[in-house]
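Participant: Structure provided below as structure tokens; questions to follow.
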Amino acid sequence: MKEQWIASETLDMLLDEIADGQKTIVAGGTDLLIQLREMDREEKPTEIADLSCIENLKRIEVTEDGLILGATVTYTDLTNSDLVRETLPMLAQAAMDVGSPQVRNKGTLGGSLANASPAADMAPVWVLLQADVVLQKKGRERVLSVAEFLTGNMTTVLEPGELIVEIRCPLWKGASMHFIKVGRRNAAAIARLNGAALLRTDGGRITDLRMAIGAATPTPLDLSDACEGLASDRSKEALDRIAKETIRRVEGISGRRASAIWKFPALENLSRRLLIDVMQKGGLNSETV
Amino acid sequence: MFKEIPRVDIQAKLTGGAKYADDMVFPRMVYGAMVRCSIAHGDILSIDAEEALKREDVLRVITYDDIPGIAGKAKERPVLVKERVRFIGDGIAIVVATSQQAAREAAAKVAVTYKELPAVFNPAEAIEDKQPAIHGVSNLEKVISMRHGDMEQGWNQAEVIIEEDVSTHRVQHAAIEPESAVALWQGDHIEVYCPPKSPFNVRRVISETLGLRINKVRLITSTVGGSFGGKDYDMSLLGSRVALIARLTGRPAKMTYNREEAITEGTKRHPYRMHYKIGAKKDGTLTGLQVDVLSDAGAYLSKSAMVGWRSCVESSGPYLIPNVHTDVTVAYTNQIYSDSLRGFGSPQVDYGIEVVMDKLAVRLDMDPLALRRKNALKDGDEHATGQILSGVSIGHCLDALEESSDYLETRKRITQFNQEQNGPLRRGFGIAALHRGEALGAGGEGIDTAGVNVHIEKDGSVLIYCGLSEVGQGCQTMMVRIVSEMLGLKPERCRVSRLDTDYVPDSGPTVASRGTVIAGNATVMAVEIIKEKIRNTLAQQKWFKKNAELIYEDEKIRLKNNPEVEVSFEEAVKLTFSNCDNLYGNGWWAAPKLVWNWEKGQGDAYFNYVYGACGCEVEVDLDTGKTKIIRFLAVHDVGTALNIEEVYGQICGGVAMGIGYSLMEEVKLRDGRIQNTNLDSYLLPTAMDIGSIEPVILQEHSAIGPLGAKGLGEPVTSIVAPAITNAISDALGTQILELPADLEHVLAASMREEQE
Ligand SMILES: Cc1cc2nc3c(=O)[nH]c(=O)nc-3n(C[C@H](O)[C@H](O)[C@H](O)COP(=O)(O)OP(=O)(O)OC[C@H]3O[C@@H](n4cnc5c(N)ncnc54)[C@H](O)[C@@H]3O)c2cc1C
């Protein structure tokens, strides 16, 4: 049995190496190592391709496409980046809530997307911000929205031999944003629920109000369409309607499981709270139109 | 008050110098891996190891039939099961191979078939008729009772009576080091290296397993990576299994559990279901208390009856209640079995009485602190066991809690905070009070004795041997403190030997927060013997008169009446040895005898009680049920603090552990199978979850403890949960009577409140 660890320095070299679709990709390894531990010896992959030597995948830049984040940018990179904090501070806020310092140092944005855990903390953020993901395999590049990329619980559109190269995130200039995570403890906790909301106003009027919720459905639930009504009606009743609608949709997708005893009321409260908090951040009072 | 000294083991532990059992490697070493039972109740029909034995790196597969001695006493978990399996995790076979990985892989290939029996998982059902009996004819192991006063009078005198059901859940020790042991067969005796909590129990079980006399088993403790009451019977079994391998193969053997194994087979804290009935006059005076406890022992006995006894004795809290009637029922189920865990039956009943006291306070429209103070035990009071108490400091603990928490101001501030909120956050403040019996008590945990040997070497350095384990609680540092204080020496002169059962007397288990008191007193006695020898030498050499009063300080020995006359300690040591004498002192201390009447449940349960009071401020998010600990005040009367830093360490660690118990830890079982077998799903609190812990130390000299010290290790965790849940209840305006106060329970309670 041949065991191989491939660490190329350029993206093209790596794409060549993995073109056969047989290699297992590793970035930070924070998901992969746990999965390997649970496998029997016979199932364990023998050929591993490591992304960590490719400088280009670590870039953080602003271009006309928005904020560009390379696939191996870590959570710590996000929280430490002045550029991120100036342009999209909510990314740093959400990244701060991930795992523990060790996990944030190793875990990458690309790894999180490819792993596609329903509880991933960045996932609802990308959906909320309508971020795109850039995928490459030898001789092909494609750009998809994160919402298209994630297809279910731990599933994506990634093909064998294909890599996530970067995430492109619109800047939503002037918007107020808010992220909430609920875990059983304050660090190193998988989200029981998470979610993010965004608000843009023009002279006291809502121009954009968006919300996405994670950890309730296999992929993040985009509730932005349900929030449209708030532009004309910000009453308590309107917020309650959206909160109820959130549960209705979650139930429609995932059904009512045992965990619903907590999840449904918490979800109702969380969606209401996200909207109230983001409106407050944006200087709007939820009771007044 | 004594100056703090650094822990004597701190450098070794921080630099990686300390060696744990798994660090030990011997040439030609072999490794064992367990085959464990996968059903909750049944009989083994066959064990097929053919596939495993096909591998070249597998030496043999050990089963029950290979055991030279006995696999275990009646009702105790066997080293390997003969036929009947009683919980998912019972040990069936040990696969021995030349590497750990090979052993594990081969163990997975051993096929076991069973005849399944009906299993019972609920203790209330388990003790009903017609349930499958797990041991003997019934699942009812024992009912432990306490009868004090006259209940009829208790209820007649009451103006208010409330009844509540309260429950606590199953948690575990989760020491960072999982169980591990190494064994060598030395031709005529077995040598075992492991981190035991109770080394002499482990030694005894190994001797029984191998069919050897006790003197043929030598147990040498490796550094212990955490115990918290664990590494007791679990260590006895693992030690026996590894010894079996070494005995049967003649090769050095090692076994180290991984986390999943440690959780699957490791003992847990007893879950309790409790029913309380409490009566009081309108002014708060308690008149009667009835407590019915149902304890889930799980599949084997171990110390469940003793745990139940402590619960029974302590069930009335630190309060004067003239009429008390308690029954603790211990039942078997086909669940993972329960054993000692820091607190040993105290945390459950402390939770019960303390949340019920708060409920009563609400009912009486009385402040919770005032209600406790009104009923707090005092010197000369009659405890519910009938014992007349002395050295009672609960009143002072409550005073200290009131002062350190700025009680009235805090309540005012919190009320104001809550009034100003229009978001989901609410604050609350909760308190709880504690009394806890010191050491083993009369309940049959064992004979409360310990030995400590102090050897002054010829160069004046000191070597201390002790029969109690250093499990992280600071036992070694405590002994160094006592020796160095009594002999006026620098602590650096002393080293504590690792515990080797060949060299130290059987000192019983390291449990019941007894180390400081029992081993401490033995240390004092050993030093007294040494002092006597020094005095003889010096008198013979005409330094001092025979009955002169000597002072030991600054590494010198001086005459009390004339401090000018002095001899250096090292000089005195030299003189003694050159005089053909030695400076070895063997101390042996036995706790005062106690008498308990089992029928009436009355008597002298413990030679002393320790007292404490805790207060906690929380912030609850009504949207999600998430609780944040803002501040935790822990008042404990520790007697003389032998090392104040260690006292802080015990308190902060104990409170952190209690926070886990209160808010998030829970061993989840489904049909007898543990669902969360690793620390990603069994959640322990992190540094981000424990808020600010503020120890408040009272030092009321103990009449019995060494230099006036009292035990502390378990009291510190015992009333954390009720203080926290009382605070949550205060924030919600509705009482939480069930642990853990996790997201689900707290959100459900807050919604209940909305509906009311
Ligand atoms: C203790 C702990 C706590 C955690 N807490 C959180 C938390 O709070 N919130 C949270 O969201 N997550 C959490 N995680 C999960 C994990 O850290 C994240 O999902 C992380 O972002 C994964 O990144 P990685 O680089 O480590 O991925 P890896 O483990 O290296 O890879 C994960 C998967 O993605 C594939 N992959 C990696 N990079 C690429 C790429 N560029 N293109 C294609 N495929 C790729 C790998 O083949 C593998 O299948 C936690 C993990 C641990 C161990």
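The chains in the structure tokens are called A, B, ... from first to last as shown; in each chain the residues are counted from 1, and the ligands are counted from 1 in the order shown.
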Please identify every polymer residue within 8 Å of ligand 1, using only C-alpha atoms and all ligand atoms, and present the set as a VMD selection string.

Facilitator: (chain A and resid 24 to 34 51 71 to 72 74 to 75 95 97 to 100 103 to 104 106 to 117 119 to 123 135 158 162 to 166 187 to 191) or (chain B and resid 680)

Participant: Would you export the selected residues with C-alpha atoms as a compact mmCIF listing (two decimals), in the first residue's frame, please?

Facilitator:
```txt
# COMPACT_ATOMS: atom_id res chain seq x y z
CA THR A 24 -7.98 13.44 -0.32
CA ILE A 25 -7.55 17.15 0.23
CA VAL A 26 -6.39 18.53 3.54
CA ALA A 27 -6.27 22.17 4.54
CA GLY A 28 -6.29 22.73 8.33
CA GLY A 29 -7.31 19.16 9.02
CA THR A 30 -9.69 20.10 11.85
CA ASP A 31 -12.57 18.22 10.25
CA LEU A 32 -10.60 15.66 8.28
CA LEU A 33 -8.54 14.30 11.16
CA ILE A 34 -11.63 13.62 13.19
CA LEU A 51 -3.04 22.88 0.45
CA ALA A 71 -9.56 28.96 0.50
CA THR A 72 -6.92 28.45 3.19
CA THR A 74 -8.11 30.70 8.65
CA TYR A 75 -10.55 32.08 11.19
CA ALA A 95 -15.03 33.82 13.07
CA ASP A 97 -17.22 32.47 17.73
CA VAL A 98 -15.74 29.43 16.01
CA GLY A 99 -14.22 26.68 18.15
CA SER A 100 -11.23 27.51 20.28
CA VAL A 103 -9.22 25.45 15.92
CA ARG A 104 -9.33 29.03 14.68
CA LYS A 106 -5.87 25.80 11.84
CA GLY A 107 -9.40 25.71 10.45
CA THR A 108 -9.91 27.27 7.03
CA LEU A 109 -12.82 28.85 5.20
CA GLY A 110 -12.48 26.45 2.29
CA GLY A 111 -12.41 23.45 4.61
CA SER A 112 -15.58 24.58 6.30
CA LEU A 113 -17.42 24.99 3.01
CA ALA A 114 -16.21 21.68 1.58
CA ASN A 115 -17.09 19.88 4.79
CA ALA A 116 -20.59 21.36 4.58
CA SER A 117 -21.65 20.77 8.16
CA ALA A 119 -23.86 23.77 11.94
CA ALA A 120 -20.90 25.56 10.30
CA ASP A 121 -20.82 29.10 11.60
CA MET A 122 -19.73 30.86 8.43
CA ALA A 123 -22.28 29.17 6.21
CA LEU A 135 -13.95 26.23 -7.89
CA LEU A 158 -17.58 19.55 -5.55
CA GLU A 162 -11.93 19.88 -7.84
CA LEU A 163 -10.81 22.50 -5.34
CA ILE A 164 -12.34 25.50 -3.68
CA VAL A 165 -9.97 28.28 -4.58
CA GLU A 166 -11.56 31.35 -3.09
CA ALA A 187 -16.10 28.13 23.37
CA ALA A 188 -15.39 24.95 21.43
CA ALA A 189 -19.09 24.42 20.90
CA ILE A 190 -20.92 23.36 17.80
CA ALA A 191 -23.78 25.75 17.09
CA ASP B 680 -16.88 16.65 21.72
```

Participant: I'd like the contact shell of segment 50-52 of chain B - 7 Å cut-off, only C-alpha atoms, skipping same-chain residues fewer than 2 positions apart - returned as a list in words.

Facilitator: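 Residues meeting the cut-off are Asp48, Lys54, Arg55, Ala106, Ala107, Lys109 and Val110 of chain B.
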
Participant: Produce a file of the selected residues containing N, CA, C and O atoms, as an mmCIF file, in the first residue's frame.

Facilitator:
```cif
data_model
loop_
_atom_site.group_PDB
_atom_site.id
_atom_site.type_symbol
_atom_site.label_atom_id
_atom_site.label_comp_id
_atom_site.auth_asym_id
_atom_site.auth_seq_id
_atom_site.Cartn_x
_atom_site.Cartn_y
_atom_site.Cartn_z
ATOM 1 N N ASP B 48 -15.877 -16.127 19.775
ATOM 2 C CA ASP B 48 -15.106 -16.666 18.666
ATOM 3 C C ASP B 48 -13.924 -15.738 18.368
ATOM 4 O O ASP B 48 -14.100 -14.642 17.828
ATOM 5 N N LYS B 54 -5.659 -15.305 14.104
ATOM 6 C CA LYS B 54 -4.967 -15.556 12.829
ATOM 7 C C LYS B 54 -3.813 -14.588 12.608
ATOM 8 O O LYS B 54 -2.866 -14.886 11.897
ATOM 9 N N ARG B 55 -3.938 -13.408 13.190
ATOM 10 C CA ARG B 55 -2.892 -12.402 12.977
ATOM 11 C C ARG B 55 -1.608 -12.831 13.665
ATOM 12 O O ARG B 55 -1.622 -13.313 14.796
ATOM 13 N N ALA B 106 -7.547 -6.315 16.285
ATOM 14 C CA ALA B 106 -7.919 -7.714 16.461
ATOM 15 C C ALA B 106 -9.127 -7.839 17.390
ATOM 16 O O ALA B 106 -9.997 -8.689 17.188
ATOM 17 N N ALA B 107 -9.194 -6.978 18.410
ATOM 18 C CA ALA B 107 -10.322 -7.035 19.343
ATOM 19 C C ALA B 107 -11.635 -6.801 18.601
ATOM 20 O O ALA B 107 -12.664 -7.402 18.919
ATOM 21 N N LYS B 109 -12.354 -7.844 15.884
ATOM 22 C CA LYS B 109 -12.672 -9.031 15.086
ATOM 23 C C LYS B 109 -13.190 -10.206 15.931
ATOM 24 O O LYS B 109 -13.541 -11.242 15.403
ATOM 25 N N VAL B 110 -13.171 -10.031 17.239
ATOM 26 C CA VAL B 110 -13.681 -11.110 18.098
ATOM 27 C C VAL B 110 -15.210 -11.066 18.087
ATOM 28 O O VAL B 110 -15.811 -10.021 18.341
#
```

Participant: Leaving out Thr221 of chain B and any residue of its chain fewer than 5 positions from it, which residues lie within 6 Å of it when counting only C-alpha atoms, given as an MDAnalysis selection string?

Facilitator: chainID B and resid 193:195 499

Participant: Include C-alpha atoms and write out the residues we just selected as a PDB file, in the first residue's frame.

Facilitator:
```pdb
ATOM      1  CA  TYR B 193       2.447   0.782  37.671  1.00  0.00           C
ATOM      2  CA  CYS B 194      -0.755   2.791  37.489  1.00  0.00           C
ATOM      3  CA  PRO B 195      -2.484   5.966  38.667  1.00  0.00           C
ATOM      4  CA  LEU B 499       3.473   5.663  46.642  1.00  0.00           C
TER       5      LEU B 499
END
```

Participant: Only residues of chain A matter here; which ones have an atom within 10 Å of chain B, counting only C-alpha atoms? Give them as a PyMOL selection string.

Facilitator: chain A and resi 40-41+100+182-190+192-193+259-263+265-273+276-277

Participant: Tyr337 of chain B: which residues within 6 Å, counting only C-alpha atoms, same-chain residues fewer than 5 positions away excluded, as a list in words?

Facilitator: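 Residues near the query, excluding close chain neighbours: Thr267, Ala297, Gly298, Ala299 and Tyr300 of chain B.
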
Participant: Would you kindly return, as a compact mmCIF listing (two decimals) with all heavy atoms, in the first residue's frame, each protein, DNA or RNA residue with an atom no farther than 8 Å from any atom of segment 384-390 of chain B, considering only C-alpha atoms and excluding same-chain residues fewer than 2 positions away?

Facilitator:
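Result file follows (out.txt):
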```txt
# COMPACT_ATOMS: atom_id res chain seq x y z
N MET B 146 -32.97 7.12 57.99
CA MET B 146 -32.65 7.95 59.16
C MET B 146 -34.00 8.35 59.77
O MET B 146 -34.88 8.82 59.07
CB MET B 146 -31.86 9.17 58.72
CG MET B 146 -31.46 10.09 59.86
SD MET B 146 -30.17 11.27 59.34
CE MET B 146 -31.11 12.42 58.35
N ARG B 147 -34.16 8.11 61.05
CA ARG B 147 -35.42 8.41 61.73
C ARG B 147 -35.13 9.30 62.92
O ARG B 147 -34.45 8.89 63.85
CB ARG B 147 -36.08 7.13 62.24
CG ARG B 147 -36.45 6.14 61.16
CD ARG B 147 -37.77 6.55 60.51
NE ARG B 147 -38.15 5.61 59.47
CZ ARG B 147 -37.74 5.68 58.20
NH1 ARG B 147 -36.92 6.63 57.82
NH2 ARG B 147 -38.15 4.80 57.31
N HIS B 148 -35.66 10.49 62.88
CA HIS B 148 -35.36 11.43 63.95
C HIS B 148 -36.65 12.13 64.34
O HIS B 148 -37.35 12.67 63.48
CB HIS B 148 -34.33 12.45 63.43
CG HIS B 148 -33.80 13.35 64.48
ND1 HIS B 148 -33.06 12.91 65.55
CD2 HIS B 148 -33.90 14.70 64.64
CE1 HIS B 148 -32.72 13.94 66.30
NE2 HIS B 148 -33.22 15.04 65.77
N VAL B 313 -27.45 10.68 55.68
CA VAL B 313 -27.01 11.44 56.86
C VAL B 313 -27.05 12.95 56.61
O VAL B 313 -27.41 13.73 57.48
CB VAL B 313 -25.57 11.00 57.24
CG1 VAL B 313 -24.93 11.98 58.21
CG2 VAL B 313 -25.60 9.60 57.81
N SER B 316 -30.67 16.45 55.56
CA SER B 316 -31.40 17.57 56.16
C SER B 316 -30.65 18.90 56.07
O SER B 316 -31.12 19.91 56.60
CB SER B 316 -31.73 17.25 57.61
OG SER B 316 -30.56 16.95 58.32
N LEU B 320 -31.35 22.97 61.61
CA LEU B 320 -31.92 22.32 62.79
C LEU B 320 -33.36 21.94 62.46
O LEU B 320 -34.21 22.82 62.30
CB LEU B 320 -31.87 23.28 63.98
CG LEU B 320 -32.48 22.72 65.26
CD1 LEU B 320 -31.69 21.53 65.78
CD2 LEU B 320 -32.58 23.80 66.33
N ILE B 321 -33.62 20.66 62.31
CA ILE B 321 -34.97 20.21 62.02
C ILE B 321 -35.28 19.10 63.03
O ILE B 321 -34.62 18.05 63.02
CB ILE B 321 -35.11 19.68 60.58
CG1 ILE B 321 -34.44 20.64 59.58
CG2 ILE B 321 -36.58 19.46 60.23
CD1 ILE B 321 -34.51 20.20 58.12
N PRO B 322 -36.26 19.33 63.89
CA PRO B 322 -36.48 18.36 64.98
C PRO B 322 -37.03 17.03 64.51
O PRO B 322 -36.81 16.01 65.17
CB PRO B 322 -37.49 19.07 65.90
CG PRO B 322 -38.07 20.19 65.10
CD PRO B 322 -37.09 20.54 64.03
N ASN B 323 -37.74 17.01 63.39
CA ASN B 323 -38.36 15.77 62.95
C ASN B 323 -37.95 15.48 61.50
O ASN B 323 -38.32 16.21 60.59
CB ASN B 323 -39.87 15.88 63.05
CG ASN B 323 -40.30 16.33 64.44
OD1 ASN B 323 -40.10 15.61 65.42
ND2 ASN B 323 -40.81 17.54 64.53
N VAL B 324 -37.18 14.45 61.34
CA VAL B 324 -36.67 14.12 60.00
C VAL B 324 -36.82 12.63 59.75
O VAL B 324 -36.57 11.80 60.62
CB VAL B 324 -35.17 14.50 59.85
CG1 VAL B 324 -34.68 14.15 58.45
CG2 VAL B 324 -34.95 15.96 60.14
N LYS B 378 -26.35 25.36 65.16
CA LYS B 378 -25.43 26.06 66.06
C LYS B 378 -24.75 25.02 66.96
O LYS B 378 -25.21 23.89 67.06
CB LYS B 378 -26.20 27.05 66.93
CG LYS B 378 -26.80 28.21 66.16
CD LYS B 378 -27.54 29.19 67.07
CE LYS B 378 -28.75 28.61 67.80
NZ LYS B 378 -29.82 28.10 66.94
N ASP B 379 -23.69 25.46 67.62
CA ASP B 379 -23.04 24.57 68.60
C ASP B 379 -24.06 24.06 69.60
O ASP B 379 -24.89 24.82 70.08
CB ASP B 379 -21.94 25.34 69.36
CG ASP B 379 -20.63 25.33 68.59
OD1 ASP B 379 -20.58 24.69 67.51
OD2 ASP B 379 -19.67 25.96 69.05
N GLY B 380 -24.00 22.80 69.91
CA GLY B 380 -24.90 22.22 70.91
C GLY B 380 -26.22 21.73 70.33
O GLY B 380 -27.00 21.07 71.02
N ASP B 381 -26.48 22.05 69.05
CA ASP B 381 -27.73 21.58 68.41
C ASP B 381 -27.67 20.08 68.16
O ASP B 381 -26.59 19.50 67.99
CB ASP B 381 -27.94 22.29 67.06
CG ASP B 381 -28.60 23.64 67.25
OD1 ASP B 381 -29.05 23.94 68.39
OD2 ASP B 381 -28.67 24.41 66.27
N GLU B 382 -28.86 19.50 68.06
CA GLU B 382 -28.94 18.09 67.75
C GLU B 382 -29.14 17.91 66.25
O GLU B 382 -30.12 18.37 65.68
CB GLU B 382 -30.10 17.45 68.53
CG GLU B 382 -30.04 15.95 68.52
CD GLU B 382 -31.15 15.33 69.38
OE1 GLU B 382 -31.77 16.05 70.19
OE2 GLU B 382 -31.40 14.13 69.21
N VAL B 392 -19.60 24.26 64.99
CA VAL B 392 -20.49 24.55 63.86
C VAL B 392 -20.24 25.96 63.36
O VAL B 392 -20.33 26.91 64.14
CB VAL B 392 -21.97 24.42 64.28
CG1 VAL B 392 -22.88 24.72 63.12
CG2 VAL B 392 -22.24 23.02 64.83
N GLY B 601 -31.10 4.47 62.29
CA GLY B 601 -30.46 5.51 61.50
C GLY B 601 -30.06 6.69 62.37
O GLY B 601 -30.27 7.84 62.02
N GLN B 602 -29.51 6.39 63.52
CA GLN B 602 -29.10 7.45 64.44
C GLN B 602 -27.73 7.10 65.00
O GLN B 602 -27.38 5.92 65.10
CB GLN B 602 -30.10 7.57 65.60
CG GLN B 602 -31.48 8.04 65.18
CD GLN B 602 -31.51 9.54 64.89
OE1 GLN B 602 -31.46 10.37 65.78
NE2 GLN B 602 -31.57 9.89 63.62
N GLY B 603 -26.99 8.12 65.37
CA GLY B 603 -25.68 7.87 65.97
C GLY B 603 -24.70 8.97 65.63
O GLY B 603 -25.08 10.04 65.13
N ASP B 604 -23.44 8.71 65.89
CA ASP B 604 -22.38 9.67 65.55
C ASP B 604 -21.88 9.31 64.15
O ASP B 604 -21.05 8.41 64.00
CB ASP B 604 -21.23 9.58 66.55
CG ASP B 604 -21.67 10.08 67.92
OD1 ASP B 604 -22.71 10.77 67.99
OD2 ASP B 604 -20.99 9.78 68.92
N ALA B 605 -22.39 10.02 63.16
CA ALA B 605 -22.07 9.65 61.78
C ALA B 605 -20.64 10.03 61.42
O ALA B 605 -19.92 9.25 60.80
CB ALA B 605 -23.05 10.31 60.84
```

Participant: If I take atom CA of Met154 of chain A and atom CA of Lys44 of chain A, how far is one from the other in Å, to one decimal?

Facilitator: 18.3 Å

Participant: As a VMD selection string, list the residues of segment 452-597 of chain B assigned to helix (DSSP H, G or I) by DSSP on the backbone atoms of this structure.

Facilitator: chain B and resid 475 to 487 491 to 493 515 to 540 569 to 578

Participant: Just asking: which residues within segment 63-256 of chain B are strand (DSSP E) according to DSSP, as a PyMOL selection string?

Facilitator: chain B and resi 84-85+91-97+111-116+140-148+160-167+180-185+190-194+217-221+253-256

Participant: Given only C-alpha atoms as the basis, pick out the residue of B:Val355, B:Val667, B:Leu80, B:Val647 nearest to Val166 of chain B.

Facilitator: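 That would be B:Val355, the residue with the smallest distance to Val166 of chain B.
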
Participant: Neighbours of Leu171 of chain A within 7 Å (only C-alpha atoms; same-chain residues fewer than 6 positions away dropped), as a PyMOL selection string?

Facilitator: chain A and resi 66-67+87-88

Participant: Since we have the selection now, will you write its residues out, keeping all heavy atoms, as a PDB file, in the first residue's frame?

Facilitator:
```
ATOM      1  N   GLY A  66     -15.410  42.426  -4.859  1.00  0.00           N
ATOM      2  CA  GLY A  66     -15.697  42.429  -3.426  1.00  0.00           C
ATOM      3  C   GLY A  66     -14.491  41.954  -2.647  1.00  0.00           C
ATOM      4  O   GLY A  66     -13.346  42.067  -3.108  1.00  0.00           O
ATOM      5  N   LEU A  67     -14.758  41.407  -1.481  1.00  0.00           N
ATOM      6  CA  LEU A  67     -13.673  40.895  -0.652  1.00  0.00           C
ATOM      7  C   LEU A  67     -13.328  39.496  -1.140  1.00  0.00           C
ATOM      8  O   LEU A  67     -14.191  38.630  -1.245  1.00  0.00           O
ATOM      9  CB  LEU A  67     -14.128  40.856   0.816  1.00  0.00           C
ATOM     10  CG  LEU A  67     -13.109  40.375   1.844  1.00  0.00           C
ATOM     11  CD1 LEU A  67     -11.935  41.346   1.970  1.00  0.00           C
ATOM     12  CD2 LEU A  67     -13.781  40.207   3.219  1.00  0.00           C
ATOM     13  N   THR A  87     -13.976  46.263   6.142  1.00  0.00           N
ATOM     14  CA  THR A  87     -14.978  46.086   5.089  1.00  0.00           C
ATOM     15  C   THR A  87     -16.170  45.260   5.549  1.00  0.00           C
ATOM     16  O   THR A  87     -17.315  45.634   5.309  1.00  0.00           O
ATOM     17  CB  THR A  87     -14.351  45.411   3.854  1.00  0.00           C
ATOM     18  OG1 THR A  87     -13.689  44.218   4.293  1.00  0.00           O
ATOM     19  CG2 THR A  87     -13.358  46.323   3.174  1.00  0.00           C
ATOM     20  N   LEU A  88     -15.929  44.141   6.194  1.00  0.00           N
ATOM     21  CA  LEU A  88     -17.027  43.263   6.616  1.00  0.00           C
ATOM     22  C   LEU A  88     -16.772  42.748   8.033  1.00  0.00           C
ATOM     23  O   LEU A  88     -16.447  41.579   8.241  1.00  0.00           O
ATOM     24  CB  LEU A  88     -17.142  42.074   5.642  1.00  0.00           C
ATOM     25  CG  LEU A  88     -17.789  42.364   4.294  1.00  0.00           C
ATOM     26  CD1 LEU A  88     -17.526  41.221   3.319  1.00  0.00           C
ATOM     27  CD2 LEU A  88     -19.288  42.579   4.430  1.00  0.00           C
TER      28      LEU A  88
END
```

Participant: Rounded to one decimal place, report the atom CA of Ala243 of chain B-atom CA of Lys231 of chain B distance in Å.

Facilitator: 16.3 Å

Participant: For atom CA of Trp543 of chain B and atom CA of Lys458 of chain B, determine how far apart the two atoms are, in Å to one decimal place.

Facilitator: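 These two atoms are separated by 19.6 Å.
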
Participant: Of the residues A:Met96, A:Ile213, A:Cys169, A:Ile60, which is the one nearest to Asp82 of chain A, using only C-alpha atoms?

Facilitator: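 Closest residue, counting only C-alpha atoms: A:Ile60.
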
Participant: So that I can check the surroundings of segment 135-139 of chain B, please list as a VMD selection string every protein, DNA and RNA residue that reaches within 10 Å of it, counting only C-alpha atoms and ignoring chain neighbours fewer than 6 positions away.

Facilitator: chain B and resid 74 to 76 86 120 123 to 129 297 to 301 330 to 333

Participant: Keeping only C-alpha atoms, write the selected residues as a PDB file, in the first residue's frame.

Facilitator:
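The resulting file, again_18.pdb, is reproduced below:
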```pdb
ATOM      1  CA  ALA B  74     -20.674 -11.126  44.125  1.00  0.00           C
ATOM      2  CA  LYS B  75     -22.441  -8.006  42.852  1.00  0.00           C
ATOM      3  CA  GLU B  76     -19.126  -6.467  41.774  1.00  0.00           C
ATOM      4  CA  ARG B  86     -25.257  -6.693  32.876  1.00  0.00           C
ATOM      5  CA  VAL B 120     -34.385  -2.580  32.826  1.00  0.00           C
ATOM      6  CA  PRO B 123     -34.685   2.401  38.742  1.00  0.00           C
ATOM      7  CA  ALA B 124     -38.332   2.916  39.701  1.00  0.00           C
ATOM      8  CA  GLU B 125     -39.371   0.124  37.356  1.00  0.00           C
ATOM      9  CA  ALA B 126     -36.381  -1.990  38.294  1.00  0.00           C
ATOM     10  CA  ILE B 127     -37.559  -2.458  41.872  1.00  0.00           C
ATOM     11  CA  GLU B 128     -41.101  -3.398  40.887  1.00  0.00           C
ATOM     12  CA  ASP B 129     -42.065  -7.051  41.033  1.00  0.00           C
ATOM     13  CA  ALA B 297     -26.656   2.211  41.141  1.00  0.00           C
ATOM     14  CA  GLY B 298     -26.478   0.852  37.620  1.00  0.00           C
ATOM     15  CA  ALA B 299     -25.396  -2.718  37.017  1.00  0.00           C
ATOM     16  CA  TYR B 300     -23.006  -3.308  39.944  1.00  0.00           C
ATOM     17  CA  LEU B 301     -22.747  -2.429  43.613  1.00  0.00           C
ATOM     18  CA  VAL B 330     -30.464   1.943  46.128  1.00  0.00           C
ATOM     19  CA  ALA B 331     -31.568   0.084  43.003  1.00  0.00           C
ATOM     20  CA  TYR B 332     -29.824  -1.879  40.274  1.00  0.00           C
ATOM     21  CA  THR B 333     -30.484  -1.199  36.590  1.00  0.00           C
TER      22      THR B 333
END
```
